[in-house]
Every structure is written in structure tokens, then in C-alpha cells.
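Visitor: Provided herewith: start_32.json, JSON, N, CA and C atoms.
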[["chain", "number", "residue", "atom", "x", "y", "z"],
["A", 29, "MET", "N", 25.19, 13.12, 44.13],
["A", 29, "MET", "CA", 23.87, 12.81, 44.64],
["A", 29, "MET", "C", 24.00, 11.70, 45.68],
["A", 30, "ARG", "N", 23.20, 11.78, 46.70],
["A", 30, "ARG", "CA", 23.20, 10.80, 47.79],
["A", 30, "ARG", "C", 22.01, 9.84, 47.64],
["A", 31, "CYS", "N", 22.14, 8.67, 48.24],
["A", 31, "CYS", "CA", 21.08, 7.67, 48.25],
["A", 31, "CYS", "C", 19.86, 8.21, 49.00],
["A", 32, "HIS", "N", 18.71, 7.91, 48.51],
["A", 32, "HIS", "CA", 17.45, 8.33, 49.13],
["A", 32, "HIS", "C", 17.27, 7.69, 50.51],
["A", 33, "TYR", "N", 17.84, 6.50, 50.72],
["A", 33, "TYR", "CA", 17.63, 5.75, 51.95],
["A", 33, "TYR", "C", 18.76, 5.86, 52.96],
["A", 34, "CYS", "N", 19.94, 6.20, 52.51],
["A", 34, "CYS", "CA", 21.08, 6.31, 53.42],
["A", 34, "CYS", "C", 21.97, 7.48, 52.96],
["A", 35, "ASP", "N", 23.11, 7.63, 53.53],
["A", 35, "ASP", "CA", 23.97, 8.77, 53.19],
["A", 35, "ASP", "C", 25.09, 8.41, 52.22],
["A", 36, "ARG", "N", 25.04, 7.20, 51.67],
["A", 36, "ARG", "CA", 26.08, 6.80, 50.72],
["A", 36, "ARG", "C", 25.90, 7.50, 49.38],
["A", 37, "GLU", "N", 26.97, 7.51, 48.62],
["A", 37, "GLU", "CA", 26.93, 8.07, 47.27],
["A", 37, "GLU", "C", 25.98, 7.23, 46.41],
["A", 38, "ALA", "N", 25.14, 7.89, 45.64],
["A", 38, "ALA", "CA", 24.19, 7.19, 44.77],
["A", 38, "ALA", "C", 24.92, 6.61, 43.56],
["A", 39, "ALA", "N", 24.64, 5.36, 43.27],
["A", 39, "ALA", "CA", 25.20, 4.71, 42.09],
["A", 39, "ALA", "C", 24.22, 4.78, 40.92],
["A", 40, "TYR", "N", 22.95, 4.95, 41.22],
["A", 40, "TYR", "CA", 21.89, 5.00, 40.22],
["A", 40, "TYR", "C", 20.95, 6.14, 40.55],
["A", 41, "ALA", "N", 20.38, 6.73, 39.52],
["A", 41, "ALA", "CA", 19.42, 7.81, 39.73],
["A", 41, "ALA", "C", 18.22, 7.59, 38.81],
["A", 42, "ALA", "N", 17.05, 7.77, 39.36],
["A", 42, "ALA", "CA", 15.83, 7.71, 38.57],
["A", 42, "ALA", "C", 15.23, 9.11, 38.52],
["A", 43, "LYS", "N", 14.72, 9.47, 37.36],
["A", 43, "LYS", "CA", 14.15, 10.80, 37.20],
["A", 43, "LYS", "C", 12.76, 10.68, 36.60],
["A", 44, "SER", "N", 11.82, 11.37, 37.22],
["A", 44, "SER", "CA", 10.45, 11.38, 36.73],
["A", 44, "SER", "C", 9.84, 12.74, 37.04],
["A", 45, "ASP", "N", 9.25, 13.33, 36.05],
["A", 45, "ASP", "CA", 8.60, 14.64, 36.21],
["A", 45, "ASP", "C", 9.53, 15.67, 36.83],
["A", 46, "GLY", "N", 10.81, 15.63, 36.46],
["A", 46, "GLY", "CA", 11.77, 16.60, 36.93],
["A", 46, "GLY", "C", 12.33, 16.33, 38.31],
["A", 47, "ILE", "N", 11.93, 15.23, 38.94],
["A", 47, "ILE", "CA", 12.43, 14.88, 40.27],
["A", 47, "ILE", "C", 13.40, 13.72, 40.14],
["A", 48, "SER", "N", 14.60, 13.88, 40.70],
["A", 48, "SER", "CA", 15.62, 12.83, 40.68],
["A", 48, "SER", "C", 15.77, 12.21, 42.06],
["A", 49, "VAL", "N", 15.87, 10.88, 42.09],
["A", 49, "VAL", "CA", 16.07, 10.15, 43.34],
["A", 49, "VAL", "C", 17.26, 9.22, 43.12],
["A", 50, "GLY", "N", 18.23, 9.29, 44.03],
["A", 50, "GLY", "CA", 19.41, 8.46, 43.93],
["A", 50, "GLY", "C", 19.33, 7.24, 44.83],
["A", 51, "LEU", "N", 19.98, 6.17, 44.39],
["A", 51, "LEU", "CA", 20.06, 4.94, 45.18],
["A", 51, "LEU", "C", 21.49, 4.41, 45.13],
["A", 52, "CYS", "N", 21.98, 3.98, 46.29],
["A", 52, "CYS", "CA", 23.28, 3.31, 46.31],
["A", 52, "CYS", "C", 23.07, 1.90, 45.75],
["A", 53, "SER", "N", 24.14, 1.18, 45.48],
["A", 53, "SER", "CA", 24.04, -0.16, 44.90],
["A", 53, "SER", "C", 23.22, -1.10, 45.77],
["A", 54, "GLU", "N", 23.44, -1.06, 47.08],
["A", 54, "GLU", "CA", 22.72, -1.95, 47.99],
["A", 54, "GLU", "C", 21.22, -1.69, 47.97],
["A", 55, "HIS", "N", 20.82, -0.45, 48.08],
["A", 55, "HIS", "CA", 19.40, -0.13, 48.08],
["A", 55, "HIS", "C", 18.77, -0.33, 46.70],
["A", 56, "PHE", "N", 19.53, -0.15, 45.65],
["A", 56, "PHE", "CA", 19.03, -0.42, 44.31],
["A", 56, "PHE", "C", 18.68, -1.90, 44.18],
["A", 57, "ARG", "N", 19.58, -2.77, 44.63],
["A", 57, "ARG", "CA", 19.32, -4.22, 44.58],
["A", 57, "ARG", "C", 18.12, -4.60, 45.45],
["A", 58, "GLU", "N", 18.01, -4.01, 46.63],
["A", 58, "GLU", "CA", 16.87, -4.28, 47.51],
["A", 58, "GLU", "C", 15.56, -3.90, 46.84],
["A", 59, "ARG", "N", 15.52, -2.73, 46.24],
["A", 59, "ARG", "CA", 14.30, -2.26, 45.58],
["A", 59, "ARG", "C", 13.94, -3.15, 44.39],
["A", 60, "LEU", "N", 14.95, -3.58, 43.62],
["A", 60, "LEU", "CA", 14.67, -4.47, 42.49],
["A", 60, "LEU", "C", 14.09, -5.79, 42.97],
["A", 61, "THR", "N", 14.62, -6.32, 44.07],
["A", 61, "THR", "CA", 14.10, -7.56, 44.64],
["A", 61, "THR", "C", 12.66, -7.38, 45.07],
["A", 62, "GLU", "N", 12.37, -6.28, 45.75],
["A", 62, "GLU", "CA", 11.00, -6.00, 46.19],
["A", 62, "GLU", "C", 10.06, -5.88, 44.99],
["A", 63, "LEU", "N", 10.50, -5.18, 43.97],
["A", 63, "LEU", "CA", 9.65, -4.99, 42.80],
["A", 63, "LEU", "C", 9.44, -6.30, 42.03],
["A", 64, "SER", "N", 10.47, -7.13, 41.96],
["A", 64, "SER", "CA", 10.33, -8.39, 41.22],
["A", 64, "SER", "C", 9.37, -9.34, 41.90],
["A", 65, "ASP", "N", 9.16, -9.18, 43.21],
["A", 65, "ASP", "CA", 8.24, -10.03, 43.96],
["A", 65, "ASP", "C", 6.86, -9.40, 44.12],
["A", 66, "SER", "N", 6.63, -8.24, 43.53],
["A", 66, "SER", "CA", 5.39, -7.51, 43.76],
["A", 66, "SER", "C", 4.24, -8.05, 42.90],
["A", 67, "GLU", "N", 3.03, -7.90, 43.42],
["A", 67, "GLU", "CA", 1.84, -8.29, 42.68],
["A", 67, "GLU", "C", 1.64, -7.39, 41.47],
["A", 68, "GLU", "N", 2.05, -6.14, 41.59],
["A", 68, "GLU", "CA", 1.90, -5.20, 40.48],
["A", 68, "GLU", "C", 2.71, -5.65, 39.27],
["A", 69, "LEU", "N", 3.94, -6.10, 39.50],
["A", 69, "LEU", "CA", 4.77, -6.57, 38.39],
["A", 69, "LEU", "C", 4.20, -7.86, 37.82],
["A", 70, "ALA", "N", 3.69, -8.74, 38.66],
["A", 70, "ALA", "CA", 3.08, -9.98, 38.18],
["A", 70, "ALA", "C", 1.88, -9.66, 37.29],
["A", 71, "ALA", "N", 1.07, -8.69, 37.69],
["A", 71, "ALA", "CA", -0.09, -8.29, 36.88],
["A", 71, "ALA", "C", 0.36, -7.69, 35.55],
["A", 72, "LEU", "N", 1.41, -6.89, 35.59],
["A", 72, "LEU", "CA", 1.93, -6.29, 34.36],
["A", 72, "LEU", "C", 2.48, -7.37, 33.43],
["A", 73, "ARG", "N", 3.20, -8.34, 33.98],
["A", 73, "ARG", "CA", 3.71, -9.45, 33.16],
["A", 73, "ARG", "C", 2.56, -10.20, 32.50],
["A", 74, "GLU", "N", 1.49, -10.42, 33.25],
["A", 74, "GLU", "CA", 0.33, -11.14, 32.72],
["A", 74, "GLU", "C", -0.33, -10.32, 31.60],
["A", 75, "GLN", "N", -0.44, -9.02, 31.82],
["A", 75, "GLN", "CA", -1.03, -8.14, 30.79],
["A", 75, "GLN", "C", -0.20, -8.16, 29.52],
["A", 76, "LEU", "N", 1.10, -8.14, 29.67],
["A", 76, "LEU", "CA", 1.99, -8.07, 28.51],
["A", 76, "LEU", "C", 2.30, -9.45, 27.94],
["A", 77, "ASP", "N", 1.88, -10.51, 28.64],
["A", 77, "ASP", "CA", 2.14, -11.88, 28.23],
["A", 77, "ASP", "C", 3.64, -12.11, 28.03],
["A", 78, "VAL", "N", 4.42, -11.75, 29.06],
["A", 78, "VAL", "CA", 5.87, -11.88, 29.02],
["A", 78, "VAL", "C", 6.25, -13.34, 29.23],
["A", 79, "THR", "N", 7.07, -13.85, 28.32],
["A", 79, "THR", "CA", 7.58, -15.22, 28.47],
["A", 79, "THR", "C", 9.10, -15.19, 28.35],
["A", 80, "ARG", "N", 9.74, -16.07, 29.11],
["A", 80, "ARG", "CA", 11.20, -16.14, 29.07],
["A", 80, "ARG", "C", 11.66, -17.08, 27.97],
["A", 81, "THR", "N", 12.81, -16.77, 27.43],
["A", 81, "THR", "CA", 13.38, -17.63, 26.39],
["A", 81, "THR", "C", 14.81, -18.01, 26.76],
["A", 82, "ASP", "N", 15.03, -18.30, 28.06],
["A", 82, "ASP", "CA", 16.40, -18.64, 28.52],
["A", 82, "ASP", "C", 16.86, -19.95, 27.94]]
Re-express the file's structure as C-alpha cells.
Guide:
Amino acid sequence: MRCHYCDREAAYAAKSDGISVGLCSEHFRERLTELSDSEELAALREQLDVTRTD
């Protein structure tokens, strides 16, 4: 499987409703960074009352 964003070999694959999307390591890290900074994730954390215990 190839990365959804480039032509590199996919290191990770996500599957939902029978559709698979591959991501290379670089694009996987980029997407995680984008998602961790998103308002949607902040709202979900607030809803779930997520607290860190580091």
C-alpha cells in the first residue's frame, strides 16, 4: 500500500467502513501533530475529562 499523500510505502494504514488509507511515517507524524493541535480533540478531551498522570 502507498501513502495517501505521496508515493512512499505506507507504514500505517487506517480502515473505516471498508476503506483503507495508508500513510508513510512522515505523513503519519504530520497528521498526528495536526490532530493533537485541533479544536475537535480539545473538545473531546474536555468532554471525556482527560487528565495526565505523568
Visitor: Mind giving me the straight-line distance from atom CA of A:Cys34 to atom C of A:Gly46 in Å, one decimal?
Guide: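 The value is 20.1 Å.
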Visitor: Chain A: which residues are strand (DSSP E or B) by DSSP, as a short mmCIF file (atom, residue, chain, number, x, y, z; two decimals) with N, CA and C atoms, keeping the file's coordinate frame?
Guide:
data_model
loop_
_atom_site.label_atom_id
_atom_site.label_comp_id
_atom_site.auth_asym_id
_atom_site.auth_seq_id
_atom_site.Cartn_x
_atom_site.Cartn_y
_atom_site.Cartn_z
N ARG A 30 23.20 11.78 46.70
CA ARG A 30 23.20 10.80 47.79
C ARG A 30 22.01 9.84 47.64
N CYS A 31 22.14 8.67 48.24
CA CYS A 31 21.08 7.67 48.25
C CYS A 31 19.86 8.21 49.00
N GLU A 37 26.97 7.51 48.62
CA GLU A 37 26.93 8.07 47.27
C GLU A 37 25.98 7.23 46.41
N TYR A 40 22.95 4.95 41.22
CA TYR A 40 21.89 5.00 40.22
C TYR A 40 20.95 6.14 40.55
N ALA A 41 20.38 6.73 39.52
CA ALA A 41 19.42 7.81 39.73
C ALA A 41 18.22 7.59 38.81
N ALA A 42 17.05 7.77 39.36
CA ALA A 42 15.83 7.71 38.57
C ALA A 42 15.23 9.11 38.52
N LYS A 43 14.72 9.47 37.36
CA LYS A 43 14.15 10.80 37.20
C LYS A 43 12.76 10.68 36.60
N SER A 44 11.82 11.37 37.22
CA SER A 44 10.45 11.38 36.73
C SER A 44 9.84 12.74 37.04
N ILE A 47 11.93 15.23 38.94
CA ILE A 47 12.43 14.88 40.27
C ILE A 47 13.40 13.72 40.14
N SER A 48 14.60 13.88 40.70
CA SER A 48 15.62 12.83 40.68
C SER A 48 15.77 12.21 42.06
N VAL A 49 15.87 10.88 42.09
CA VAL A 49 16.07 10.15 43.34
C VAL A 49 17.26 9.22 43.12
N GLY A 50 18.23 9.29 44.03
CA GLY A 50 19.41 8.46 43.93
C GLY A 50 19.33 7.24 44.83
N LEU A 51 19.98 6.17 44.39
CA LEU A 51 20.06 4.94 45.18
C LEU A 51 21.49 4.41 45.13
#
Visitor: Measure the distance from atom N of A:Asp77 to atom C of A:Glu58 in Å and round it to one decimal.
Guide: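 Interatomic distance here is 23.7 Å.
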Visitor: I need every residue sitting at most 7 Å from the point (25.7, 8.8, 42.3) (coordinates as in the file, only C-alpha atoms considered), written as a VMD selection string.
Guide: chain A and resid 29 to 30 37 to 41 50
Visitor: Hey, can you check how far atom CA of A:Leu51 sits from atom CA of A:Arg73?
Guide: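 According to the coordinates, atom CA of A:Leu51 and atom CA of A:Arg73 are separated by 24.9 Å.
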Visitor: First collect every listed atom of stretch 58-64 of chain A; then fit an axis-aligned box around them, widen it by 6 Å on each side, and give centre and edge lengths in Å to one decimal, as AutoDock Vina command-line options.
Guide:
--center_x 13.7 --center_y -5.8 --center_z 44.4 --size_x 20.6 --size_y 19.1 --size_z 18.3
Visitor: Tell me, which residues of chain A carry DSSP alpha helix (DSSP H), written as a PDB file with N, CA and C atoms, in the coordinates of the input?
Guide:
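Result written to result-v4.pdb:
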ATOM      1  N   SER A  53      24.140   1.180  45.480  1.00  0.00           N
ATOM      2  CA  SER A  53      24.040  -0.160  44.900  1.00  0.00           C
ATOM      3  C   SER A  53      23.220  -1.100  45.770  1.00  0.00           C
ATOM      4  N   GLU A  54      23.440  -1.060  47.080  1.00  0.00           N
ATOM      5  CA  GLU A  54      22.720  -1.950  47.990  1.00  0.00           C
ATOM      6  C   GLU A  54      21.220  -1.690  47.970  1.00  0.00           C
ATOM      7  N   HIS A  55      20.820  -0.450  48.080  1.00  0.00           N
ATOM      8  CA  HIS A  55      19.400  -0.130  48.080  1.00  0.00           C
ATOM      9  C   HIS A  55      18.770  -0.330  46.700  1.00  0.00           C
ATOM     10  N   PHE A  56      19.530  -0.150  45.650  1.00  0.00           N
ATOM     11  CA  PHE A  56      19.030  -0.420  44.310  1.00  0.00           C
ATOM     12  C   PHE A  56      18.680  -1.900  44.180  1.00  0.00           C
ATOM     13  N   ARG A  57      19.580  -2.770  44.630  1.00  0.00           N
ATOM     14  CA  ARG A  57      19.320  -4.220  44.580  1.00  0.00           C
ATOM     15  C   ARG A  57      18.120  -4.600  45.450  1.00  0.00           C
ATOM     16  N   GLU A  58      18.010  -4.010  46.630  1.00  0.00           N
ATOM     17  CA  GLU A  58      16.870  -4.280  47.510  1.00  0.00           C
ATOM     18  C   GLU A  58      15.560  -3.900  46.840  1.00  0.00           C
ATOM     19  N   ARG A  59      15.520  -2.730  46.240  1.00  0.00           N
ATOM     20  CA  ARG A  59      14.300  -2.260  45.580  1.00  0.00           C
ATOM     21  C   ARG A  59      13.940  -3.150  44.390  1.00  0.00           C
ATOM     22  N   LEU A  60      14.950  -3.580  43.620  1.00  0.00           N
ATOM     23  CA  LEU A  60      14.670  -4.470  42.490  1.00  0.00           C
ATOM     24  C   LEU A  60      14.090  -5.790  42.970  1.00  0.00           C
ATOM     25  N   THR A  61      14.620  -6.320  44.070  1.00  0.00           N
ATOM     26  CA  THR A  61      14.100  -7.560  44.640  1.00  0.00           C
ATOM     27  C   THR A  61      12.660  -7.380  45.070  1.00  0.00           C
ATOM     28  N   GLU A  62      12.370  -6.280  45.750  1.00  0.00           N
ATOM     29  CA  GLU A  62      11.000  -6.000  46.190  1.00  0.00           C
ATOM     30  C   GLU A  62      10.060  -5.880  44.990  1.00  0.00           C
ATOM     31  N   LEU A  63      10.500  -5.180  43.970  1.00  0.00           N
ATOM     32  CA  LEU A  63       9.650  -4.990  42.800  1.00  0.00           C
ATOM     33  C   LEU A  63       9.440  -6.300  42.030  1.00  0.00           C
ATOM     34  N   SER A  64      10.470  -7.130  41.960  1.00  0.00           N
ATOM     35  CA  SER A  64      10.330  -8.390  41.220  1.00  0.00           C
ATOM     36  C   SER A  64       9.370  -9.340  41.900  1.00  0.00           C
ATOM     37  N   GLU A  67       3.030  -7.900  43.420  1.00  0.00           N
ATOM     38  CA  GLU A  67       1.840  -8.290  42.680  1.00  0.00           C
ATOM     39  C   GLU A  67       1.640  -7.390  41.470  1.00  0.00           C
ATOM     40  N   GLU A  68       2.050  -6.140  41.590  1.00  0.00           N
ATOM     41  CA  GLU A  68       1.900  -5.200  40.480  1.00  0.00           C
ATOM     42  C   GLU A  68       2.710  -5.650  39.270  1.00  0.00           C
ATOM     43  N   LEU A  69       3.940  -6.100  39.500  1.00  0.00           N
ATOM     44  CA  LEU A  69       4.770  -6.570  38.390  1.00  0.00           C
ATOM     45  C   LEU A  69       4.200  -7.860  37.820  1.00  0.00           C
ATOM     46  N   ALA A  70       3.690  -8.740  38.660  1.00  0.00           N
ATOM     47  CA  ALA A  70       3.080  -9.980  38.180  1.00  0.00           C
ATOM     48  C   ALA A  70       1.880  -9.660  37.290  1.00  0.00           C
ATOM     49  N   ALA A  71       1.070  -8.690  37.690  1.00  0.00           N
ATOM     50  CA  ALA A  71      -0.090  -8.290  36.880  1.00  0.00           C
ATOM     51  C   ALA A  71       0.360  -7.690  35.550  1.00  0.00           C
ATOM     52  N   LEU A  72       1.410  -6.890  35.590  1.00  0.00           N
ATOM     53  CA  LEU A  72       1.930  -6.290  34.360  1.00  0.00           C
ATOM     54  C   LEU A  72       2.480  -7.370  33.430  1.00  0.00           C
ATOM     55  N   ARG A  73       3.200  -8.340  33.980  1.00  0.00           N
ATOM     56  CA  ARG A  73       3.710  -9.450  33.160  1.00  0.00           C
ATOM     57  C   ARG A  73       2.560 -10.200  32.500  1.00  0.00           C
ATOM     58  N   GLU A  74       1.490 -10.420  33.250  1.00  0.00           N
ATOM     59  CA  GLU A  74       0.330 -11.140  32.720  1.00  0.00           C
ATOM     60  C   GLU A  74      -0.330 -10.320  31.600  1.00  0.00           C
ATOM     61  N   GLN A  75      -0.440  -9.020  31.820  1.00  0.00           N
ATOM     62  CA  GLN A  75      -1.030  -8.140  30.790  1.00  0.00           C
ATOM     63  C   GLN A  75      -0.200  -8.160  29.520  1.00  0.00           C
ATOM     64  N   LEU A  76       1.100  -8.140  29.670  1.00  0.00           N
ATOM     65  CA  LEU A  76       1.990  -8.070  28.510  1.00  0.00           C
ATOM     66  C   LEU A  76       2.300  -9.450  27.940  1.00  0.00           C
TER      67      LEU A  76
END
Visitor: Missing atoms in stretch 56-69 of chain A: fill them in up to N, CA, C and O atoms and send the result as a PDB file, keeping the file's coordinate frame.
Guide:
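Final output, saved to rebuild.pdb:
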ATOM      1  N   PHE A  56      19.530  -0.150  45.650  1.00  0.00           N
ATOM      2  CA  PHE A  56      19.030  -0.420  44.310  1.00  0.00           C
ATOM      3  C   PHE A  56      18.680  -1.900  44.180  1.00  0.00           C
ATOM      4  O   PHE A  56      17.594  -2.253  43.709  1.00  0.00           O
ATOM      5  N   ARG A  57      19.580  -2.770  44.630  1.00  0.00           N
ATOM      6  CA  ARG A  57      19.320  -4.220  44.580  1.00  0.00           C
ATOM      7  C   ARG A  57      18.120  -4.600  45.450  1.00  0.00           C
ATOM      8  O   ARG A  57      17.283  -5.409  45.037  1.00  0.00           O
ATOM      9  N   GLU A  58      18.010  -4.010  46.630  1.00  0.00           N
ATOM     10  CA  GLU A  58      16.870  -4.280  47.510  1.00  0.00           C
ATOM     11  C   GLU A  58      15.560  -3.900  46.840  1.00  0.00           C
ATOM     12  O   GLU A  58      14.576  -4.639  46.889  1.00  0.00           O
ATOM     13  N   ARG A  59      15.520  -2.730  46.240  1.00  0.00           N
ATOM     14  CA  ARG A  59      14.300  -2.260  45.580  1.00  0.00           C
ATOM     15  C   ARG A  59      13.940  -3.150  44.390  1.00  0.00           C
ATOM     16  O   ARG A  59      12.773  -3.463  44.165  1.00  0.00           O
ATOM     17  N   LEU A  60      14.950  -3.580  43.620  1.00  0.00           N
ATOM     18  CA  LEU A  60      14.670  -4.470  42.490  1.00  0.00           C
ATOM     19  C   LEU A  60      14.090  -5.790  42.970  1.00  0.00           C
ATOM     20  O   LEU A  60      13.156  -6.326  42.363  1.00  0.00           O
ATOM     21  N   THR A  61      14.620  -6.320  44.070  1.00  0.00           N
ATOM     22  CA  THR A  61      14.100  -7.560  44.640  1.00  0.00           C
ATOM     23  C   THR A  61      12.660  -7.380  45.070  1.00  0.00           C
ATOM     24  O   THR A  61      11.795  -8.219  44.782  1.00  0.00           O
ATOM     25  N   GLU A  62      12.370  -6.280  45.750  1.00  0.00           N
ATOM     26  CA  GLU A  62      11.000  -6.000  46.190  1.00  0.00           C
ATOM     27  C   GLU A  62      10.060  -5.880  44.990  1.00  0.00           C
ATOM     28  O   GLU A  62       8.951  -6.433  45.006  1.00  0.00           O
ATOM     29  N   LEU A  63      10.500  -5.180  43.970  1.00  0.00           N
ATOM     30  CA  LEU A  63       9.650  -4.990  42.800  1.00  0.00           C
ATOM     31  C   LEU A  63       9.440  -6.300  42.030  1.00  0.00           C
ATOM     32  O   LEU A  63       8.355  -6.552  41.516  1.00  0.00           O
ATOM     33  N   SER A  64      10.470  -7.130  41.960  1.00  0.00           N
ATOM     34  CA  SER A  64      10.330  -8.390  41.220  1.00  0.00           C
ATOM     35  C   SER A  64       9.370  -9.340  41.900  1.00  0.00           C
ATOM     36  O   SER A  64       8.792 -10.211  41.254  1.00  0.00           O
ATOM     37  N   ASP A  65       9.160  -9.180  43.210  1.00  0.00           N
ATOM     38  CA  ASP A  65       8.240 -10.030  43.960  1.00  0.00           C
ATOM     39  C   ASP A  65       6.860  -9.400  44.120  1.00  0.00           C
ATOM     40  O   ASP A  65       5.987  -9.990  44.750  1.00  0.00           O
ATOM     41  N   SER A  66       6.630  -8.240  43.530  1.00  0.00           N
ATOM     42  CA  SER A  66       5.390  -7.510  43.760  1.00  0.00           C
ATOM     43  C   SER A  66       4.240  -8.050  42.900  1.00  0.00           C
ATOM     44  O   SER A  66       4.436  -8.576  41.803  1.00  0.00           O
ATOM     45  N   GLU A  67       3.030  -7.900  43.420  1.00  0.00           N
ATOM     46  CA  GLU A  67       1.840  -8.290  42.680  1.00  0.00           C
ATOM     47  C   GLU A  67       1.640  -7.390  41.470  1.00  0.00           C
ATOM     48  O   GLU A  67       1.116  -7.835  40.443  1.00  0.00           O
ATOM     49  N   GLU A  68       2.050  -6.140  41.590  1.00  0.00           N
ATOM     50  CA  GLU A  68       1.900  -5.200  40.480  1.00  0.00           C
ATOM     51  C   GLU A  68       2.710  -5.650  39.270  1.00  0.00           C
ATOM     52  O   GLU A  68       2.223  -5.601  38.140  1.00  0.00           O
ATOM     53  N   LEU A  69       3.940  -6.100  39.500  1.00  0.00           N
ATOM     54  CA  LEU A  69       4.770  -6.570  38.390  1.00  0.00           C
ATOM     55  C   LEU A  69       4.200  -7.860  37.820  1.00  0.00           C
ATOM     56  O   LEU A  69       4.196  -8.051  36.599  1.00  0.00           O
TER      57      LEU A  69
END
